[in-house]
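Source file: final.txt. Holds: compact mmCIF, C-alpha atoms and all ligand atoms.
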```txt
# COMPACT_ATOMS: atom_id res chain seq x y z
CA MET A 1 28.71 39.96 -21.12
CA ALA A 2 25.36 38.60 -22.30
CA ARG A 3 27.11 35.55 -23.75
CA GLN A 4 28.89 34.91 -20.51
CA THR A 5 25.61 35.09 -18.55
CA ALA A 6 23.98 32.67 -20.98
CA ALA A 7 26.91 30.26 -20.63
CA THR A 8 26.81 30.49 -16.84
CA GLY A 9 23.04 30.00 -16.92
CA SER A 10 23.18 26.90 -19.05
CA GLN A 11 26.01 25.50 -16.94
CA SER A 12 24.03 25.91 -13.75
CA ALA A 13 20.96 24.37 -15.43
CA LEU A 14 23.11 21.40 -16.42
CA ARG A 15 24.46 21.10 -12.89
CA GLU A 16 20.92 21.16 -11.52
CA ALA A 17 19.78 18.53 -14.00
CA ASN A 18 22.73 16.27 -13.11
CA SER A 19 22.08 16.82 -9.44
CA ALA A 20 18.40 15.86 -9.82
CA ARG A 21 19.46 12.78 -11.80
CA ILE A 22 21.86 11.65 -9.10
CA LEU A 23 19.31 12.23 -6.35
CA ALA A 24 16.69 10.24 -8.31
CA THR A 25 19.17 7.39 -8.80
CA VAL A 26 20.08 7.34 -5.10
CA ARG A 27 16.35 7.16 -4.27
CA GLN A 28 15.82 4.38 -6.79
CA TYR A 29 18.61 2.21 -5.38
CA GLY A 30 18.30 3.24 -1.73
CA GLY A 31 22.04 2.97 -1.19
CA ILE A 32 24.61 3.10 -3.98
CA THR A 33 28.38 3.66 -4.28
CA GLN A 34 29.80 6.56 -6.30
CA VAL A 35 31.25 4.11 -8.84
CA GLU A 36 27.81 2.56 -9.27
CA LEU A 37 26.25 6.03 -9.50
CA ALA A 38 28.58 6.93 -12.38
CA ALA A 39 27.65 3.70 -14.19
CA ALA A 40 23.91 4.14 -13.57
CA THR A 41 23.74 7.79 -14.66
CA GLY A 42 26.41 7.81 -17.38
CA LEU A 43 28.06 10.80 -15.66
CA SER A 44 31.82 10.92 -15.15
CA PRO A 45 33.18 9.84 -11.73
CA ALA A 46 34.50 13.40 -11.23
CA THR A 47 31.07 14.95 -11.88
CA VAL A 48 29.43 12.40 -9.55
CA SER A 49 31.97 13.19 -6.85
CA THR A 50 31.41 16.97 -7.14
CA ILE A 51 27.62 16.65 -7.07
CA VAL A 52 27.62 14.17 -4.15
CA LYS A 53 29.77 16.65 -2.20
CA GLN A 54 27.21 19.40 -2.88
CA LEU A 55 24.29 17.14 -1.90
CA LEU A 56 26.13 16.19 1.31
CA ALA A 57 26.64 19.87 2.10
CA THR A 58 22.92 20.62 1.62
CA GLY A 59 21.98 17.59 3.75
CA GLU A 60 20.04 15.85 0.97
CA VAL A 61 22.19 12.71 1.03
CA GLU A 62 24.35 10.94 3.58
CA THR A 63 27.24 8.52 3.22
CA ARG A 64 27.64 5.29 5.15
CA ASN A 65 30.45 2.81 5.33
CA THR A 66 29.57 -0.73 4.36
CA VAL A 67 31.06 -3.86 2.82
CA ARG A 68 30.44 -4.72 -0.83
CA SER A 69 31.72 -8.04 -2.25
CA GLY A 70 34.08 -8.36 0.73
CA ARG A 71 35.53 -4.87 0.28
CA ARG A 72 34.93 -1.71 2.24
CA ALA A 73 32.77 0.71 0.33
CA GLN A 74 30.99 3.98 0.93
CA LEU A 75 27.28 4.07 0.16
CA VAL A 76 25.50 7.25 -0.81
CA THR A 77 21.98 7.17 0.69
CA VAL A 78 19.10 9.57 0.95
CA ALA A 79 19.37 11.53 4.20
CA HIS A 80 17.46 9.56 6.82
CA ARG A 81 16.66 12.66 8.85
CA ALA A 82 15.55 11.39 12.26
CA GLY A 83 15.30 7.63 11.79
CA MET A 84 13.27 5.37 9.55
CA LEU A 85 9.82 3.85 9.26
CA VAL A 86 9.02 0.36 7.98
CA GLY A 87 5.69 -0.29 6.23
CA VAL A 88 4.50 -3.81 5.41
CA HIS A 89 1.44 -4.99 3.50
CA ILE A 90 0.80 -8.72 3.70
CA ALA A 91 -1.70 -8.93 0.83
CA PRO A 92 -3.38 -12.24 -0.12
CA ARG A 93 -0.87 -12.91 -2.92
CA ALA A 94 1.96 -10.42 -2.35
CA LEU A 95 4.25 -9.19 0.39
CA ARG A 96 5.09 -5.49 0.05
CA ILE A 97 7.65 -3.73 2.19
CA ALA A 98 8.83 -0.12 2.14
CA ILE A 99 11.40 1.74 4.20
CA ALA A 100 10.78 5.47 4.44
CA ASP A 101 12.31 8.40 6.24
CA THR A 102 10.21 10.45 8.67
CA GLY A 103 9.19 12.73 5.80
CA PHE A 104 7.58 9.59 4.21
CA ASP A 105 10.00 9.60 1.28
CA ILE A 106 10.43 5.96 0.34
CA LEU A 107 14.11 4.99 0.50
CA ALA A 108 13.75 1.34 -0.49
CA SER A 109 10.90 -1.02 -1.29
CA GLN A 110 10.27 -4.52 -2.54
CA THR A 111 7.36 -6.76 -3.49
CA LEU A 112 7.46 -10.55 -3.34
CA PRO A 113 4.75 -12.89 -4.64
CA LEU A 114 3.10 -15.07 -1.98
CA PRO A 115 1.68 -18.53 -2.66
CA ASN A 116 -2.05 -19.09 -2.27
CA ASP A 117 -2.95 -19.79 1.39
CA HIS A 118 0.60 -18.99 2.58
CA ARG A 119 1.32 -19.71 6.24
CA LEU A 120 1.42 -16.59 8.39
CA ASP A 121 4.38 -17.69 10.54
CA THR A 122 6.54 -18.30 7.43
CA THR A 123 5.44 -14.99 5.91
CA LEU A 124 6.28 -13.09 9.10
CA ASP A 125 9.76 -14.69 9.05
CA ARG A 126 10.20 -13.52 5.45
CA THR A 127 8.92 -10.06 6.41
CA ALA A 128 11.54 -9.64 9.14
CA LEU A 129 14.32 -10.95 6.90
CA LEU A 130 13.33 -8.74 3.98
CA ALA A 131 13.13 -5.67 6.22
CA MET A 132 16.66 -6.40 7.50
CA GLU A 133 17.88 -6.90 3.94
CA LEU A 134 16.42 -3.58 2.74
CA LEU A 135 17.86 -1.77 5.78
CA ASP A 136 21.23 -3.36 5.08
CA GLY A 137 21.04 -2.14 1.47
CA LEU A 138 20.61 1.38 2.88
CA GLY A 139 23.73 0.90 4.98
CA SER A 140 21.49 0.86 8.04
CA THR A 141 20.20 -1.46 10.77
CA ALA A 142 16.95 -2.05 12.67
CA SER A 143 18.26 0.15 15.49
CA GLU A 144 17.45 3.21 13.35
CA VAL A 145 13.83 2.10 12.83
CA LEU A 146 11.32 4.17 14.80
CA GLY A 147 8.35 1.93 14.14
CA VAL A 148 6.94 -0.83 11.94
CA GLY A 149 3.38 -0.77 10.58
CA ILE A 150 1.86 -3.97 9.19
CA GLY A 151 -1.35 -4.40 7.17
CA VAL A 152 -3.09 -7.78 6.93
CA PRO A 153 -6.09 -8.79 4.79
CA ALA A 154 -8.50 -9.39 7.69
CA PRO A 155 -9.93 -7.44 10.64
CA VAL A 156 -7.56 -7.15 13.57
CA ASP A 157 -8.94 -7.08 17.10
CA PRO A 158 -7.51 -3.90 18.69
CA SER A 159 -7.48 -5.50 22.16
CA THR A 160 -5.42 -8.58 21.19
CA GLY A 161 -3.67 -7.61 17.92
CA THR A 162 -4.82 -10.90 16.38
CA VAL A 163 -7.09 -11.73 13.45
CA ARG A 164 -10.50 -12.16 15.00
CA ASN A 165 -12.56 -14.56 12.88
CA THR A 166 -10.90 -17.96 12.53
CA GLY A 167 -12.76 -18.70 9.29
CA LEU A 168 -11.45 -15.63 7.45
CA MET A 169 -7.75 -16.52 7.63
CA PRO A 170 -7.30 -20.14 8.77
CA GLY A 171 -4.13 -20.53 10.86
CA TRP A 172 -3.83 -16.79 11.52
CA SER A 173 -6.04 -16.35 14.56
CA ASP A 174 -3.63 -17.56 17.25
CA ILE A 175 -0.68 -15.47 16.15
CA ASP A 176 0.10 -12.13 17.78
CA ILE A 177 1.55 -10.58 14.63
CA ALA A 178 3.05 -7.51 16.30
CA GLN A 179 4.71 -9.58 19.01
CA VAL A 180 6.31 -11.99 16.49
CA VAL A 181 7.80 -9.18 14.39
CA GLU A 182 8.78 -7.15 17.47
CA ALA A 183 10.73 -10.16 18.75
CA ARG A 184 12.59 -10.40 15.43
CA LEU A 185 13.36 -6.71 14.84
CA GLN A 186 13.38 -5.46 18.45
CA ARG A 187 11.39 -2.43 17.34
CA PRO A 188 7.78 -1.34 18.12
CA VAL A 189 5.21 -2.83 15.73
CA ALA A 190 1.53 -1.97 15.08
CA VAL A 191 -0.91 -4.05 13.04
CA ASP A 192 -4.19 -3.15 11.34
CA ASN A 193 -6.30 -4.51 8.52
CA ASP A 194 -5.40 -3.45 5.01
CA ALA A 195 -8.65 -1.63 4.26
CA ASN A 196 -8.11 0.62 7.30
CA LEU A 197 -4.52 1.23 6.23
CA GLY A 198 -5.60 1.88 2.63
CA ALA A 199 -7.97 4.50 4.02
CA LEU A 200 -5.21 5.97 6.19
CA GLY A 201 -2.86 6.04 3.16
CA GLU A 202 -5.38 7.81 0.93
CA ALA A 203 -6.34 10.19 3.78
CA ARG A 204 -2.74 11.17 4.49
CA PHE A 205 -1.14 11.07 1.05
CA GLY A 206 -3.78 10.42 -1.63
CA ALA A 207 -7.30 11.00 -2.90
CA ALA A 208 -8.90 11.69 0.52
CA ARG A 209 -6.27 14.21 1.67
CA GLY A 210 -7.91 16.94 3.73
CA VAL A 211 -11.36 15.28 3.62
CA GLN A 212 -13.03 15.00 7.02
CA ASP A 213 -15.58 12.26 6.32
CA ALA A 214 -14.93 9.67 3.61
CA LEU A 215 -15.44 6.00 2.83
CA TYR A 216 -12.57 3.97 1.46
CA VAL A 217 -13.46 0.83 -0.48
CA HIS A 218 -10.79 -1.86 -0.80
CA ALA A 219 -11.96 -3.92 -3.80
CA SER A 220 -9.40 -6.70 -3.80
CA TYR A 221 -9.31 -10.48 -3.32
CA ASN A 222 -11.97 -9.76 -0.73
CA THR A 223 -13.90 -6.52 -0.56
CA SER A 224 -13.90 -4.41 2.55
CA ALA A 225 -14.24 -0.74 3.40
CA ALA A 226 -13.03 1.68 6.02
CA LEU A 227 -14.58 4.75 7.57
CA ILE A 228 -12.75 8.04 7.82
CA LEU A 229 -14.65 10.14 10.31
CA ASN A 230 -13.46 13.55 11.42
CA GLY A 231 -10.20 12.93 9.54
CA ALA A 232 -9.37 9.69 11.39
CA VAL A 233 -9.90 6.04 10.47
CA ARG A 234 -12.45 4.38 12.79
CA ALA A 235 -11.78 0.67 13.24
CA GLY A 236 -14.81 0.10 15.51
CA ALA A 237 -14.98 -1.58 18.92
CA HIS A 238 -13.76 -4.95 17.56
CA GLY A 239 -11.79 -3.78 14.53
CA THR A 240 -14.49 -4.83 12.05
CA ALA A 241 -16.06 -1.46 11.11
CA GLY A 242 -16.63 -1.18 7.37
CA GLU A 243 -16.35 -4.92 6.65
CA ILE A 244 -18.83 -4.72 3.78
CA GLY A 245 -17.60 -8.04 2.42
CA HIS A 246 -19.76 -9.58 5.14
CA VAL A 247 -22.98 -7.61 4.77
CA LEU A 248 -25.95 -9.51 3.37
CA ALA A 249 -26.04 -9.46 -0.42
CA ASP A 250 -28.13 -12.57 -1.16
CA PRO A 251 -30.29 -14.21 1.55
CA GLN A 252 -30.28 -17.50 -0.41
CA GLY A 253 -26.58 -17.27 -1.25
CA PRO A 254 -23.85 -19.73 -0.26
CA ILE A 255 -22.24 -19.90 3.20
CA CYS A 256 -19.33 -17.47 3.55
CA ARG A 257 -15.88 -18.05 5.09
CA CYS A 258 -17.08 -16.04 8.10
CA GLY A 259 -19.93 -18.49 8.78
CA SER A 260 -22.84 -16.28 7.65
CA ARG A 261 -24.97 -16.93 4.56
CA GLY A 262 -24.97 -14.84 1.40
CA CYS A 263 -22.28 -12.26 2.28
CA LEU A 264 -21.16 -9.80 -0.43
CA ASP A 265 -17.85 -11.67 -0.48
CA THR A 266 -19.57 -14.82 -1.75
CA LEU A 267 -20.53 -12.76 -4.84
CA VAL A 268 -17.50 -10.53 -5.46
CA GLY A 269 -14.59 -12.19 -3.64
CA ALA A 270 -11.80 -13.45 -5.90
CA ARG A 271 -12.95 -17.09 -5.53
CA ALA A 272 -16.47 -16.26 -6.68
CA LEU A 273 -15.28 -14.11 -9.60
CA ILE A 274 -12.84 -16.76 -10.79
CA GLU A 275 -15.38 -19.56 -10.30
CA SER A 276 -17.77 -17.89 -12.72
CA LEU A 277 -15.08 -18.21 -15.43
CA ARG A 278 -14.37 -21.89 -14.79
CA ILE A 279 -16.67 -23.25 -17.52
CA SER A 280 -15.59 -20.83 -20.24
CA ARG A 281 -11.88 -20.43 -19.42
CA GLY A 282 -10.81 -23.01 -16.88
CA PRO A 283 -8.67 -21.96 -13.91
CA VAL A 284 -7.47 -18.33 -14.06
CA SER A 285 -6.10 -15.97 -11.41
CA LEU A 286 -7.63 -12.68 -10.31
CA THR A 287 -4.76 -10.91 -12.08
CA ASP A 288 -5.62 -12.80 -15.31
CA LEU A 289 -9.26 -11.81 -14.95
CA ILE A 290 -8.35 -8.13 -14.47
CA ASP A 291 -5.89 -8.17 -17.38
CA LEU A 292 -8.43 -9.86 -19.66
CA ALA A 293 -11.13 -7.34 -18.70
CA ILE A 294 -8.79 -4.40 -19.37
CA GLY A 295 -7.83 -6.07 -22.68
CA GLY A 296 -11.49 -6.07 -23.78
CA ASP A 297 -12.64 -9.65 -23.05
CA ALA A 298 -16.46 -9.39 -22.99
CA GLY A 299 -17.07 -12.10 -20.36
CA CYS A 300 -14.45 -10.71 -17.99
CA ARG A 301 -15.76 -7.16 -18.44
CA GLN A 302 -19.23 -8.41 -17.50
CA ILE A 303 -17.87 -10.01 -14.31
CA ILE A 304 -16.19 -6.76 -13.22
CA THR A 305 -19.24 -4.64 -14.12
CA ASP A 306 -21.55 -6.92 -12.10
CA ALA A 307 -19.09 -6.82 -9.18
CA GLY A 308 -19.05 -2.99 -9.37
CA ALA A 309 -22.86 -2.90 -9.13
CA ALA A 310 -22.95 -5.34 -6.18
CA ILE A 311 -20.18 -3.51 -4.31
CA GLY A 312 -21.91 -0.20 -5.13
CA THR A 313 -25.13 -1.34 -3.46
CA ALA A 314 -23.30 -2.28 -0.24
CA VAL A 315 -21.27 0.94 -0.32
CA ALA A 316 -24.43 2.97 -0.93
CA ASN A 317 -26.04 1.48 2.20
CA LEU A 318 -22.97 2.42 4.20
CA ALA A 319 -22.98 5.90 2.65
CA VAL A 320 -26.64 6.45 3.61
CA ALA A 321 -25.74 5.55 7.19
CA PHE A 322 -22.54 7.60 7.45
CA ASP A 323 -23.09 10.56 5.07
CA PRO A 324 -19.49 10.93 3.77
CA GLN A 325 -18.20 13.72 1.51
CA LEU A 326 -16.35 11.31 -0.72
CA ILE A 327 -15.98 7.63 -1.62
CA VAL A 328 -12.49 6.48 -2.64
CA VAL A 329 -12.11 3.12 -4.38
CA GLY A 330 -8.82 1.23 -4.27
CA GLY A 331 -7.56 -2.36 -4.41
CA GLU A 332 -6.81 -4.63 -7.37
CA LEU A 333 -10.27 -4.42 -8.99
CA ALA A 334 -9.98 -0.62 -9.21
CA GLN A 335 -7.29 -1.13 -11.86
CA THR A 336 -10.16 -1.75 -14.29
CA GLU A 337 -11.12 1.92 -13.69
CA THR A 338 -14.52 2.81 -15.24
CA LEU A 339 -15.43 -0.87 -15.67
CA LEU A 340 -15.73 -1.17 -11.88
CA LEU A 341 -16.31 2.47 -10.99
CA ASP A 342 -19.16 3.36 -13.37
CA PRO A 343 -21.65 0.71 -12.15
CA LEU A 344 -20.49 1.39 -8.58
CA ARG A 345 -21.25 5.10 -9.08
CA VAL A 346 -24.67 4.34 -10.58
CA ALA A 347 -25.55 2.13 -7.59
CA VAL A 348 -24.43 4.86 -5.17
CA GLU A 349 -26.36 7.59 -7.03
CA ARG A 350 -29.49 5.44 -7.02
CA ARG A 351 -29.41 4.90 -3.25
CA VAL A 352 -27.98 8.13 -1.86
CA LEU A 353 -30.96 10.38 -2.44
CA LEU A 354 -31.16 12.11 0.91
CA ASN A 355 -28.48 14.56 -0.11
CA SER A 356 -29.22 14.68 -3.82
CA ALA A 357 -28.47 18.42 -3.88
CA THR A 358 -24.74 17.63 -3.55
CA PRO A 359 -24.01 14.39 -5.41
CA LEU A 360 -21.64 12.05 -3.60
CA GLU A 361 -18.38 11.81 -5.47
CA VAL A 362 -16.88 8.37 -6.16
CA ARG A 363 -13.17 8.66 -6.94
CA ARG A 364 -10.48 6.14 -7.73
CA GLY A 365 -7.69 5.95 -5.13
CA GLU A 366 -4.48 7.74 -6.09
CA LEU A 367 -2.15 5.26 -4.39
CA GLU A 368 -3.75 2.24 -6.06
CA ARG A 369 -2.59 -1.14 -4.76
CA ARG A 370 0.05 0.53 -2.64
CA ALA A 371 -2.42 2.51 -0.49
CA PRO A 372 -2.24 0.01 2.44
CA LEU A 373 1.58 0.12 2.28
CA HIS A 374 1.57 3.92 2.57
CA GLY A 375 -0.99 3.59 5.37
CA ALA A 376 1.33 1.11 7.12
CA LEU A 377 4.09 3.75 7.03
CA ALA A 378 1.68 6.30 8.53
CA LEU A 379 0.74 3.74 11.22
CA ALA A 380 4.45 3.18 11.92
CA SER A 381 4.88 6.93 12.41
CA GLU A 382 2.17 6.87 15.11
CA LEU A 383 4.40 4.61 17.21
CA THR A 384 6.87 7.46 17.40
CA SER A 385 6.78 11.15 17.99
CA VAL A 386 7.08 11.90 14.28
CA PRO A 387 5.72 15.41 13.62
CA GLY A 388 2.47 15.45 11.65
CA ALA A 389 1.45 11.92 12.65
CA ARG A 390 -2.28 11.16 12.68
ZN ZN B 1 -19.04 -13.42 5.41
```
Target encoding structure tokens, full file:
Amino acid sequence: MARQTAATGSQSALREANSARILATVRQYGGITQVELAAATGLSPATVSTIVKQLLATGEVETRNTVRSGRRAQLVTVAHRAGMLVGVHIAPRALRIAIADTGFDILASQTLPLPNDHRLDTTLDRTALLAMELLDGLGSTASEVLGVGIGVPAPVDPSTGTVRNTGLMPGWSDIDIAQVVEARLQRPVAVDNDANLGALGEARFGAARGVQDALYVHASYNTSAALILNGAVRAGAHGTAGEIGHVLADPQGPICRCGSRGCLDTLVGARALIESLRISRGPVSLTDLIDLAIGGDAGCRQIITDAGAAIGTAVANLAVAFDPQLIVVGGELAQTETLLLDPLRVAVERRVLLNSATPLEVRRGELERRAPLHGALALASELTSVPGAR
């Protein structure tokens, strides 16, 4: 009797493990046939068939008819529940797209590199095409999309939906981003800047979950920040709240892209960081600089440490003004972890003395570079009546 129970127990454990493996593989591929599932998991076609039937019965997966290599095929996909959300992050050097269900489980995602100074109209074309491609891979179409959220690396004017300052993103200011993508996908689209969406991502799904008042710092190709007040991201009257990249850091500094002199961005923006390596290393990318710093290169570590201190001073000023509970740091530079965060913390501790009884915590973002993408999904959900939306 005991032996029989043990055998039954181990069999059900095996079935559960196989089931979890199949579900994970379906998530990984978005949409996959049963033949492909057997090949990807190493399970027999019969086992795959049995488990898929069980997962269909519990509503965890769905099947959709499609065409593969000219033949009819049945795709197993994650259950889409009540429609899908599309999140897009147009970062300075990468285009990230994710399709999620209304429970924010990511069903498919892709990242493409973008050339330096890419044209916005071309990138929006690629965005629409890639979204259609990912939906197609899920055996789905744009008609099932409830909303599209798009993050761009510049402040967006809430009244016009366009990038406000012509100097920040040359060639971007005349384009109504939401309208262009809406025309292509025939679905509602909302646009915001990537720091605000990074903040929204961390507030909904990451390091600032449940925190009422927080600052999110997006230390990337350009540095910006976003304010979470009373649990919601505040973009400001013109969409530029938290743009610490353009606060004064050096009154004698060079002229910034925005037209002002000596902005923080002229010290810690990717161009400035890379420029300071030109004599010793020649042309390198921001990714090279970060990798070298993580690998122990003394000069590159110094650049990141100095940037952390400069960003910390600007963040500290903002923190004195807004009195947050928490500061979350995300963006590419945060990959260097303590190299950036330690001097940033020191600068914050030095300035934020009003509330010295409860030290202000500086935490690395949990969603890392993908925080704006997750925020874009949350923004997409606001276009719909998805339960739990901001
Ligand atoms: Zn500026």
Spatial neighbours of stretch 262-278 of chain A, 8 Å, all atoms listed in the file, chain gap at least 3 places, as a PyMOL selection string: chain A and resi 220-223+244-256+281-286+289+300+303+307+310-311+314
Tell me, counting all atoms listed in the file, for each residue of stretch 345-389 of chain A within 8 Å of stretch 134-155 of chain A, which pair of atoms is nearest and how far apart they are in Å to one decimal, in rows ordered by chain and increasing number, as CSV.
```
residue,atom,partner,partner_atom,distance
A:Pro372,CA,A:Gly151,CA,6.5
A:Leu373,CA,A:Gly151,CA,7.3
A:Ala376,CA,A:Gly149,CA,4.4
A:Leu377,CA,A:Gly149,CA,5.8
A:Ala378,CA,A:Gly149,CA,7.6
A:Leu379,CA,A:Gly149,CA,5.3
A:Ala380,CA,A:Gly149,CA,4.3
A:Ser381,CA,A:Gly147,CA,6.3
A:Glu382,CA,A:Gly147,CA,8.0
A:Leu383,CA,A:Gly147,CA,5.7
A:Thr384,CA,A:Leu146,CA,6.1
```
Which polymer residues, whether protein, DNA or RNA, lie within 12 Å of the coordinate (31.4, 17.3, -12.8) when you count only C-alpha atoms? List them as an MDAnalysis selection string, using the chain letters and numbers from the file. chainID A and resid 11:12 14:19 22 38 42:54
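Distances to ligand ZN 1 (chain B) were evaluated for A:Arg96, A:Arg345, A:Arg257, A:Arg364 using all atoms listed in the file, and the minimum falls at A:Arg257.
Distances here use all atoms listed in the file; by that measure, the residue among A:Thr305, A:Ser109, A:Ser224, A:Asn230 closest to ligand ZN 1 (chain B) is A:Ser224.
Separating atom CA of A:Arg204 from atom CA of A:Gly161 is a distance of 23.1 Å.
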Option closest in space to A:Leu56, from A:Ala309, A:His374, A:Thr77, A:Thr336 [counting all atoms listed in the file]: A:Thr77
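Considering only C-alpha atoms and all ligand atoms, the residue among A:Val211, A:Ala226, A:Ala203, A:Met169 positioned nearest to ligand ZN 1 (chain B) is A:Met169.
Residue nearest ligand ZN 1 (chain B) within the list A:Thr240, A:Glu332, A:Ile279, A:Asp291: A:Thr240 [criterion: smallest interatomic distance, all atoms listed in the file].
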